[in-house]
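Student: For reference, the structure I am asking about is given below.
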Amino acid sequence: METIKVSLGERSYEIRLSHTFEPLAGAVCGILPAGRALLVSDENVYPLYGAAVRSLLEQAGFQVTPAVIPAGEESKTLAQADALYTAAITAGLDRSSAVFALGGGVVGDLAGFVAATYLRGVPFIQLPTTLLSQVDSSVGGKVAVNHRLGKNLIGAFYQPRLVWIATDVLQTLPEREFFSGAAEVAKYGAIMSEPLFRLLEEKWEAFRSLESDVLTGVIAECCRLKARVVAEDEQEKGLRAILNFGHTIGHALEAATAYRYYLHGEAVLAGMVLAVHLALGQGLLGREDGERLLKLFARVGLKAAPPWLGAREVLAAMRQDKKRTGERLVFILPAAVGQVRVCNHLKEEDILPLLERYLKDAAENLLTVGKNRLRI
Ligand SMILES: NC(=O)c1ccc[n+]([C@@H]2O[C@H](COP(=O)([O-])OP(=O)(O)OC[C@H]3O[C@@H](n4cnc5c(N)ncnc54)[C@H](O)[C@@H]3O)[C@@H](O)[C@H]2O)c1
Ligand SMILES: [Zn+2]
């Protein structure tokens, strides 16, 4: 078992990595008084792991009320939060009760939002079951639901009291979801850890076939890196922005396709590939490092854009996002393997030709640094 601390003063907490949920009960008892608990999960995850987790919590003395939501992004709504408030009130959850999130980022973000707001905040425990949620969304305290006008617009910073990562559950995760999470894993290496990047280069096959030691080591390292960033900049006033590498374009691709075409990591991967080319074009990144980055991203797998998507629509989505966050167009660009720069001088015209290449050319053309591909 591995333990990683997220240092945030009195809101500090631990991330524990284990193969299974088995030792969870003991850990929870050390943190919370056993009382009532709402166990939030989705229709895919609950049938697989719900009963086992429920019985572990019951052994620990909790009175557990399961609340199972439909799987998928459509569940991250205020209406679904309302249904969970009703479940919590009906089950008699009080201030000392706890909310457990057993599932991917959708369950974690929604249950965390409910935990943050029910009775002005009750203890929250993350039991992430996707690779993406294990390395990213369960750590750092961003919780939210979507609004019909945009994603994650209603939310809070609300840290969990414990994150329990059971790596064995990834065995049932659909492959496409695994690679979506793998994009965020590659991102950590690219932005802040050359050693992690190298480990992925060397052990890619072992990682993707879920070989236990490699998988656990990689997930732990990602959590360590995210914990370090969050401890330094909990509310994204500076450093935390580097985690948005690939996300300026990635978010726009997701929004322009109404969140129905790309999984989050797939859109981020396309964003990272384009960011590499932008950085090469700006003379910020050397050819050798550019090739290394693209080679690993290629192994994660670049998804081609849908044939009907136009560059103007993607730029419009980017503009919309910028308007909402009140920020300038900010790009996180790679400067070397393991290093990025925040770049806010780029204009839409700088991005347009590159975007058109991704949308029109075969996506594979962007996965090498060809002789005449250095300048965009
Ligand atoms: N809070 C944050 O900091 C943060 C960061 C990144 C992403 N997010 C959010 O996370 C969400 C995406 O999360 P996700 O990628 O985990 O998607 P998800 O929660 O939709 O899970 C993906 C799919 O896998 C299924 N599943 C989950 N675990 C499984 C398992 N072990 N075995 C079999 N099936 C399993 C789910 O039922 C679902 O169908 C988005 O809403 C995004 O906004 C939040
Ligand atoms: Zn992301």
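Chains: A, B, ... in order of the structure tokens. Residues: from 1 per chain. Ligands: from 1, in order shown.
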Residues at most 12 Å from ligand 2, using only C-alpha atoms and all ligand atoms? Could they come as a VMD selection string?

Tutor: chain A and resid 105 131 to 133 135 to 138 142 180 to 188 226 241 to 251 254 263 to 272

Student: With N, CA and C atoms retained, could you export that selection as a CSV table (one decimal), in the first residue's frame?

Tutor:
chain,number,residue,atom,x,y,z
A,105,GLY,N,-15.0,10.2,-12.9
A,105,GLY,CA,-15.1,11.6,-12.6
A,105,GLY,C,-16.5,12.2,-12.6
A,131,LEU,N,-9.2,5.3,-14.7
A,131,LEU,CA,-7.8,5.8,-14.7
A,131,LEU,C,-7.8,7.3,-14.6
A,132,LEU,N,-8.7,7.9,-15.3
A,132,LEU,CA,-8.8,9.4,-15.3
A,132,LEU,C,-9.1,9.9,-13.9
A,133,SER,N,-10.0,9.3,-13.3
A,133,SER,CA,-10.4,9.8,-11.9
A,133,SER,C,-9.3,9.5,-10.9
A,135,VAL,N,-6.0,9.4,-11.4
A,135,VAL,CA,-4.8,10.2,-11.5
A,135,VAL,C,-5.2,11.7,-11.6
A,136,ASP,N,-6.5,12.0,-11.7
A,136,ASP,CA,-6.8,13.5,-11.9
A,136,ASP,C,-7.9,14.0,-11.1
A,137,SER,N,-9.2,13.6,-11.5
A,137,SER,CA,-10.3,14.3,-10.9
A,137,SER,C,-10.6,14.0,-9.4
A,138,SER,N,-10.1,12.9,-8.9
A,138,SER,CA,-10.4,12.6,-7.5
A,138,SER,C,-9.5,13.4,-6.6
A,142,LYS,N,-11.7,19.9,-6.9
A,142,LYS,CA,-12.6,20.6,-7.8
A,142,LYS,C,-13.9,19.7,-7.9
A,180,SER,N,-8.3,7.2,-22.6
A,180,SER,CA,-8.7,8.5,-22.3
A,180,SER,C,-7.9,9.0,-21.0
A,181,GLY,N,-7.9,8.1,-20.0
A,181,GLY,CA,-7.1,8.4,-18.8
A,181,GLY,C,-5.6,8.5,-19.1
A,182,ALA,N,-5.1,7.6,-20.0
A,182,ALA,CA,-3.7,7.6,-20.3
A,182,ALA,C,-3.2,8.9,-20.9
A,183,ALA,N,-4.1,9.6,-21.5
A,183,ALA,CA,-3.7,10.9,-22.1
A,183,ALA,C,-3.4,11.8,-21.0
A,184,GLU,N,-4.1,11.8,-19.9
A,184,GLU,CA,-3.8,12.7,-18.7
A,184,GLU,C,-2.5,12.2,-18.0
A,185,VAL,N,-2.3,10.9,-18.1
A,185,VAL,CA,-1.0,10.4,-17.5
A,185,VAL,C,0.2,10.9,-18.3
A,186,ALA,N,0.1,10.8,-19.6
A,186,ALA,CA,1.1,11.3,-20.5
A,186,ALA,C,1.3,12.8,-20.3
A,187,LYS,N,0.2,13.5,-20.0
A,187,LYS,CA,0.3,14.9,-19.8
A,187,LYS,C,1.2,15.2,-18.6
A,188,TYR,N,1.0,14.5,-17.5
A,188,TYR,CA,1.9,14.8,-16.3
A,188,TYR,C,3.4,14.7,-16.6
A,226,LYS,N,0.3,15.7,-9.0
A,226,LYS,CA,-0.9,16.5,-8.8
A,226,LYS,C,-1.0,17.1,-7.4
A,241,ALA,N,-2.4,26.1,-13.4
A,241,ALA,CA,-2.8,26.2,-14.8
A,241,ALA,C,-2.0,25.3,-15.7
A,242,ILE,N,-0.8,24.9,-15.3
A,242,ILE,CA,0.0,24.0,-16.2
A,242,ILE,C,-0.7,22.6,-16.4
A,243,LEU,N,-1.6,22.3,-15.5
A,243,LEU,CA,-2.4,21.1,-15.7
A,243,LEU,C,-3.3,21.2,-16.9
A,244,ASN,N,-3.5,22.4,-17.4
A,244,ASN,CA,-4.4,22.6,-18.5
A,244,ASN,C,-3.7,22.4,-19.9
A,245,PHE,N,-2.5,21.9,-19.9
A,245,PHE,CA,-1.8,21.6,-21.1
A,245,PHE,C,-2.7,20.7,-22.0
A,246,GLY,N,-2.9,21.2,-23.2
A,246,GLY,CA,-3.8,20.4,-24.2
A,246,GLY,C,-5.3,20.8,-24.0
A,247,HIS,N,-5.6,21.5,-22.9
A,247,HIS,CA,-7.0,21.7,-22.6
A,247,HIS,C,-7.7,22.9,-23.3
A,248,THR,N,-6.9,23.9,-23.7
A,248,THR,CA,-7.5,25.0,-24.4
A,248,THR,C,-8.2,24.5,-25.7
A,249,ILE,N,-7.4,23.8,-26.5
A,249,ILE,CA,-8.0,23.2,-27.7
A,249,ILE,C,-8.9,22.0,-27.4
A,250,GLY,N,-8.5,21.2,-26.4
A,250,GLY,CA,-9.2,20.0,-26.0
A,250,GLY,C,-10.7,20.4,-25.6
A,251,HIS,N,-10.8,21.4,-24.7
A,251,HIS,CA,-12.1,21.8,-24.3
A,251,HIS,C,-13.0,22.3,-25.5
A,254,GLU,N,-14.2,19.4,-27.5
A,254,GLU,CA,-15.3,18.7,-26.8
A,254,GLU,C,-16.6,19.5,-27.0
A,263,LEU,N,-14.0,11.4,-25.9
A,263,LEU,CA,-13.9,11.4,-24.4
A,263,LEU,C,-13.0,12.5,-24.0
A,264,HIS,N,-13.0,12.9,-22.8
A,264,HIS,CA,-12.2,14.1,-22.4
A,264,HIS,C,-10.7,13.9,-22.7
A,265,GLY,N,-10.2,12.8,-22.4
A,265,GLY,CA,-8.7,12.5,-22.6
A,265,GLY,C,-8.4,12.5,-24.1
A,266,GLU,N,-9.4,12.0,-24.9
A,266,GLU,CA,-9.1,12.0,-26.4
A,266,GLU,C,-9.0,13.4,-26.9
A,267,ALA,N,-9.9,14.3,-26.4
A,267,ALA,CA,-9.8,15.7,-26.9
A,267,ALA,C,-8.6,16.4,-26.4
A,268,VAL,N,-8.2,16.1,-25.1
A,268,VAL,CA,-7.0,16.7,-24.6
A,268,VAL,C,-5.7,16.2,-25.3
A,269,LEU,N,-5.7,14.9,-25.7
A,269,LEU,CA,-4.6,14.4,-26.5
A,269,LEU,C,-4.5,15.2,-27.8
A,270,ALA,N,-5.6,15.4,-28.5
A,270,ALA,CA,-5.5,16.2,-29.7
A,270,ALA,C,-5.0,17.6,-29.4
A,271,GLY,N,-5.4,18.1,-28.3
A,271,GLY,CA,-4.9,19.5,-27.9
A,271,GLY,C,-3.4,19.5,-27.6
A,272,MET,N,-2.9,18.4,-27.0
A,272,MET,CA,-1.5,18.3,-26.7
A,272,MET,C,-0.7,18.2,-28.0

Student: Using only C-alpha atoms and all ligand atoms, determine which residues fall within 7 Å of ligand 1, then list them as a ChimeraX atom specification.

Tutor: /A:42-45,71-73,76,103-107,109,129-133,136-143,152,169-174,177,180-181,264

Student: When DSSP is applied to the backbone of this structure, which of range 40-278 of chain A are assigned alpha helix (DSSP H)? Write them out as number ranges by chain.

Tutor: A: 45, 51-59, 78-90, 105-117, 131-132, 175-192, 194-208, 212-232, 247-256, 264-278

Student: Skipping near chain neighbours, those fewer than 6 positions away, what residues fall within 8 Å of range 350-365 of chain A using only C-alpha atoms, listed as a list in words?

Tutor: Leu274, His277, Leu278, Leu302, Lys303, Ala304, Ala305, Pro306, Pro307, Leu309, Gly310, Ala311, Leu315 and Ile376 of chain A

Student: Which residue, A:Val273, A:Val68, A:Leu280, A:Phe157, has the smallest gap to Glu236 in chain A when you use only C-alpha atoms?

Tutor: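 The closest residue to Glu236 in chain A is A:Phe157.
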